[in-house]
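*Asks:* start.cif is reproduced in full below (mmCIF, C-alpha atoms).
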```cif
data_entry
#
loop_
_atom_site.label_atom_id
_atom_site.label_comp_id
_atom_site.auth_asym_id
_atom_site.auth_seq_id
_atom_site.Cartn_x
_atom_site.Cartn_y
_atom_site.Cartn_z
CA MET A 298 85.79 113.89 87.80
CA THR A 299 87.65 114.69 84.61
CA VAL A 300 89.20 112.41 82.02
CA ASP A 301 92.64 113.64 83.13
CA THR A 302 91.94 112.53 86.70
CA LEU A 303 91.43 108.99 85.42
CA ASP A 304 94.64 109.08 83.34
CA VAL A 305 97.49 108.75 85.84
CA PHE A 306 99.98 109.15 82.99
CA SER A 307 98.74 112.67 82.20
CA TRP A 308 99.27 114.02 85.73
CA HIS A 309 102.18 116.42 86.24
CA ARG A 310 105.20 114.29 87.11
CA ALA A 311 108.44 115.58 88.63
CA PRO A 312 110.84 115.09 91.53
CA ARG A 313 109.14 115.63 94.90
CA SER A 314 111.25 118.76 95.49
CA GLU A 315 109.48 120.51 92.60
CA PHE A 316 106.03 120.28 94.22
CA ASN A 317 104.55 122.70 96.71
CA LEU A 318 101.92 120.33 98.05
CA THR A 319 98.89 121.62 99.91
CA LYS A 320 96.42 120.15 102.36
CA GLY A 321 93.97 119.74 99.47
CA ARG A 322 92.45 116.38 98.57
CA GLY A 323 93.76 114.47 95.63
CA LEU A 324 95.46 111.47 94.14
CA TYR A 325 99.15 110.80 93.78
CA ALA A 326 101.33 108.25 92.06
CA LEU A 327 104.93 107.17 92.47
CA PHE A 328 107.02 106.36 89.41
CA LEU A 329 110.41 104.69 89.36
CA ARG A 330 112.93 106.72 87.36
CA GLU A 331 114.39 104.94 84.34
CA VAL A 332 117.84 104.66 85.91
CA ALA A 333 116.52 103.11 89.14
CA GLY A 334 115.72 99.52 89.87
CA LEU A 335 114.01 97.51 92.58
CA SER A 336 114.79 93.85 93.11
CA ASN A 337 111.95 91.52 92.16
CA VAL A 338 109.71 94.37 90.97
CA VAL A 339 108.72 95.04 87.41
CA PRO A 340 107.34 98.57 87.32
CA GLY A 341 104.19 99.29 85.38
CA ARG A 342 103.91 101.52 82.35
CA GLU A 343 106.31 104.48 82.51
CA GLY A 344 107.66 103.17 85.84
CA LEU A 345 104.38 103.29 87.82
CA ILE A 346 104.81 101.58 91.21
CA TYR A 347 102.14 103.08 93.52
CA ILE A 348 98.84 104.97 93.45
CA GLY A 349 97.41 106.57 96.59
CA LYS A 350 94.77 108.98 97.80
CA ALA A 351 94.96 111.98 100.07
CA GLY A 352 91.55 112.62 101.54
CA GLY A 353 92.30 113.44 105.16
CA SER A 354 92.96 116.73 106.89
CA ARG A 355 96.65 116.76 105.91
CA GLY A 356 95.84 116.30 102.22
CA LEU A 357 98.51 115.69 99.60
CA LYS A 358 101.12 117.38 101.78
CA GLY A 359 100.73 114.67 104.42
CA ARG A 360 100.45 111.62 102.17
CA CYS A 361 103.17 111.68 99.55
CA HIS A 362 105.62 109.58 101.61
CA PHE A 363 108.95 111.18 100.71
CA LEU A 364 109.55 112.23 104.30
CA GLY A 365 108.28 110.91 107.55
CA SER A 366 107.86 107.62 109.25
CA THR A 367 107.61 104.27 107.59
CA ARG A 368 105.29 103.25 110.42
CA ASN A 369 102.16 104.74 108.84
CA HIS A 370 103.00 104.69 105.15
CA SER A 371 102.41 101.55 103.14
CA PRO A 372 104.63 102.41 100.15
CA ARG A 373 107.53 103.28 102.47
CA LYS A 374 107.13 99.91 104.22
CA SER A 375 107.13 98.10 100.90
CA LEU A 376 110.18 100.02 99.68
CA ALA A 377 111.91 99.25 102.99
CA VAL A 378 111.34 95.53 102.38
CA LEU A 379 112.77 95.78 98.87
CA LEU A 380 115.75 97.94 99.87
CA LYS A 381 116.50 96.55 103.35
CA ASP A 382 119.74 94.81 102.42
CA GLU A 383 120.89 97.25 99.73
CA LEU A 384 120.57 100.28 102.05
CA SER A 385 121.30 98.43 105.32
CA LEU A 386 117.95 99.51 106.74
CA GLU A 387 117.24 98.77 110.40
CA PRO A 388 113.60 98.01 111.29
CA ILE A 389 112.42 98.78 114.82
CA ILE A 390 109.27 97.89 116.72
CA VAL A 391 106.69 100.61 117.33
CA ARG A 392 104.24 100.07 120.15
CA LYS A 393 100.99 101.97 119.83
CA PRO A 394 98.33 102.34 122.52
CA ASN A 395 95.22 100.25 121.90
CA SER A 396 96.59 98.53 118.81
CA PRO A 397 99.06 95.79 117.97
CA PRO A 398 102.72 96.70 117.60
CA THR A 399 103.95 97.57 114.16
CA TRP A 400 107.34 98.42 112.71
CA ALA A 401 109.12 101.42 111.31
CA LEU A 402 112.76 102.20 110.61
CA HIS A 403 115.45 103.55 112.88
CA ALA A 404 115.89 107.31 112.28
CA ASP A 405 119.10 106.81 110.27
CA SER A 406 117.35 104.23 108.11
CA GLU A 407 114.34 106.53 107.59
CA ALA A 408 116.77 109.17 106.30
CA LYS A 409 118.43 106.65 103.94
CA LEU A 410 115.05 105.58 102.57
CA SER A 411 113.93 109.20 102.11
CA GLN A 412 117.11 110.00 100.21
CA TRP A 413 116.73 106.93 98.00
CA MET A 414 113.16 108.00 97.22
CA GLN A 415 114.25 111.57 96.36
CA GLU A 416 116.90 110.21 93.99
CA ASN A 417 114.95 107.37 92.38
CA LEU A 418 111.25 108.25 92.32
CA LEU A 419 109.08 110.79 90.58
CA LEU A 420 105.82 112.04 92.02
CA ALA A 421 102.63 112.77 90.09
CA VAL A 422 99.59 114.45 91.62
CA THR A 423 96.13 115.60 90.68
CA ASP A 424 93.51 117.42 92.72
CA CYS A 425 90.31 115.49 93.36
CA GLU A 426 87.55 116.22 95.87
CA ASP A 427 86.53 112.55 96.29
CA PRO A 428 89.70 110.52 95.63
CA GLY A 429 88.63 107.16 97.11
CA PRO A 430 86.55 105.74 94.24
CA ILE A 431 89.01 106.94 91.59
CA GLU A 432 91.98 105.50 93.50
CA SER A 433 90.20 102.13 93.59
CA LEU A 434 89.55 102.20 89.84
CA LEU A 435 93.14 103.13 89.03
CA ILE A 436 94.61 100.46 91.33
CA GLN A 437 92.36 97.79 89.81
CA LYS A 438 93.31 98.90 86.31
CA HIS A 439 97.09 99.23 86.77
CA ALA A 440 97.91 96.91 89.74
CA PRO A 441 101.03 98.90 90.76
CA ALA A 442 103.62 96.71 92.49
CA LEU A 443 103.50 98.57 95.83
CA ASN A 444 99.69 98.60 96.08
CA LEU A 445 99.04 95.46 98.12
CA THR A 446 95.25 95.57 98.18
CA GLY A 447 92.52 96.29 95.68
CA CYS A 448 94.15 94.61 92.69
CA PRO A 449 95.15 91.17 91.44
CA GLN A 450 98.01 89.89 93.57
CA LEU A 451 100.91 89.25 91.25
CA GLU A 452 104.22 87.66 92.26
CA ALA A 453 105.73 91.00 93.36
CA HIS A 454 102.71 91.80 95.54
CA VAL A 455 102.95 88.44 97.30
CA ALA A 456 106.73 88.75 97.81
CA ILE A 457 106.40 92.24 99.29
CA SER A 458 103.55 91.15 101.61
CA MET A 459 105.61 88.19 102.79
CA GLY A 460 108.64 90.46 103.35
CA ARG A 461 106.58 92.87 105.42
CA LYS A 462 105.24 90.01 107.54
CA LEU A 463 108.76 88.64 108.02
CA ILE A 464 110.00 91.99 109.30
CA GLN A 465 106.97 92.27 111.60
CA ASP A 466 107.68 88.79 113.00
CA GLN A 467 111.37 89.64 113.49
CA VAL A 468 110.72 92.89 115.39
CA ASN A 469 108.02 91.18 117.48
CA ALA A 470 110.57 88.52 118.44
CA GLY A 471 113.12 91.17 119.34
CA GLY A 472 115.44 90.49 116.41
#
```
Could I get this file's structure written as structure tokens?

*Replies:*
Amino acid sequence: MTVDTLDVFSWHRAPRSEFNLTKGRGLYALFLREVAGLSNVVPGREGLIYIGKAGGSRGLKGRCHFLGSTRNHSPRKSLAVLLKDELSLEPIIVRKPNSPPTWALHADSEAKLSQWMQENLLLAVTDCEDPGPIESLLIQKHAPALNLTGCPQLEAHVAISMGRKLIQDQVNAGG
């Protein structure tokens, strides 16, 4: 572990399109661009809104959330809650074998969310062989608004958690 690994603000930060992410392990952070805003969210220092780890077989390439399904990505779910009305996002139920149903977004809504993220967020990454403990330390220290566990639960955290539960209840009820 290096000092730079512990300093999320020193990691290379740029639009997602400027990264050629690999399947290597590491840490990543999402920053809100200065011109962007999210209702009811006060970003952290320099716009920090999320810190995550990539320790699985798909590495950073599979975890940085700018493309893909909201179903399995916590920051995408939280952004969907915050942007649901503004972007006219449509949640749908996802039934998974051997686990409770969850929700994602209709394909058109996934595309809208991905585009919003490309236009309004910056990505920062750093390589790290054992990202779990460092991720925990950084989340505790910075309490980014979209990290819903592992840090003090501020007003934004509670509002996002409640919004996610509301959407889950709505899709479960068929509405």

*Asks:* Go through the shown structure with the PyMOL selection byres ((chain A and resi 327) around 7) and write out the matching residues as a list in words.

*Replies:*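 Listing what the PyMOL selection byres ((chain A and resi 327) around 7) selects in the shown file: Tyr325, Ala326, Phe328, Leu329, Leu345, Ile346, Tyr347, Ile348, Leu418, Leu419, Leu420 and Ala421 of chain A.
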
*Asks:* I need the residue set behind the PyMOL selection byres ((chain A and resi 402-413) around 6) for this file; please write it as a PyMOL selection string.

*Replies:* chain A and resi 363-364+386-389+401+414-417

*Asks:* Out of A:Ala470, A:Leu463, A:Val378, A:Val422, which residue has the shortest atom-to-atom distance to A:Asn317 when counting all atoms listed in the file?

*Replies:*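 Distance minimum relative to A:Asn317 lands on A:Val422.
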
*Asks:* One decimal, Å: what's the distance from atom CA of A:Gly471 over to atom CA of A:Val338, could you say?

*Replies:* 28.8 Å

*Asks:* How would you write, as a ChimeraX atom specification, the residues chosen by the PyMOL selection byres ((chain A and resi 350) around 7) on this structure?

*Replies:* /A:323-325,349,351-352,428-429,432

*Asks:* For A:Pro398, which of A:Lys381, A:Arg368, A:Arg373, A:Lys358 is the closest residue, counting all atoms listed in the file?

*Replies:*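 Smallest distance to A:Pro398 is found for A:Arg368.
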
*Asks:* To one decimal place, how far is atom CA of A:Glu426 from atom CA of A:Asn444 in Å?

*Replies:*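 Between atom CA of A:Glu426 and atom CA of A:Asn444 the gap is 21.4 Å.
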
*Asks:* Taking into account all atoms listed in the file, which residue in the set A:Pro441, A:Gly365, A:Gly334, A:Gly344 is nearest to A:Arg310?

*Replies:*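 Result for the nearest residue to A:Arg310: A:Gly344.
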
*Asks:* May I ask for the distance between atom CA of A:Arg322 and atom CA of A:Ile431, given in Å to one decimal place?

*Replies:*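 Computed distance, atom CA of A:Arg322 to atom CA of A:Ile431, equals 12.2 Å.
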
*Asks:* Could you tell me which of A:Thr319, A:Asn337, A:Thr423, A:Ser375 comes closest to A:Arg355 if we count only C-alpha atoms?

*Replies:* A:Thr319

*Asks:* List every protein, DNA or RNA residue with an atom no more than 12 Å from (89.7, 91.8, 95.4) in the file's coordinates, counting all atoms listed in the file, and format the result as number ranges by chain.

*Replies:* A: 433-434, 436-437, 440, 445-450
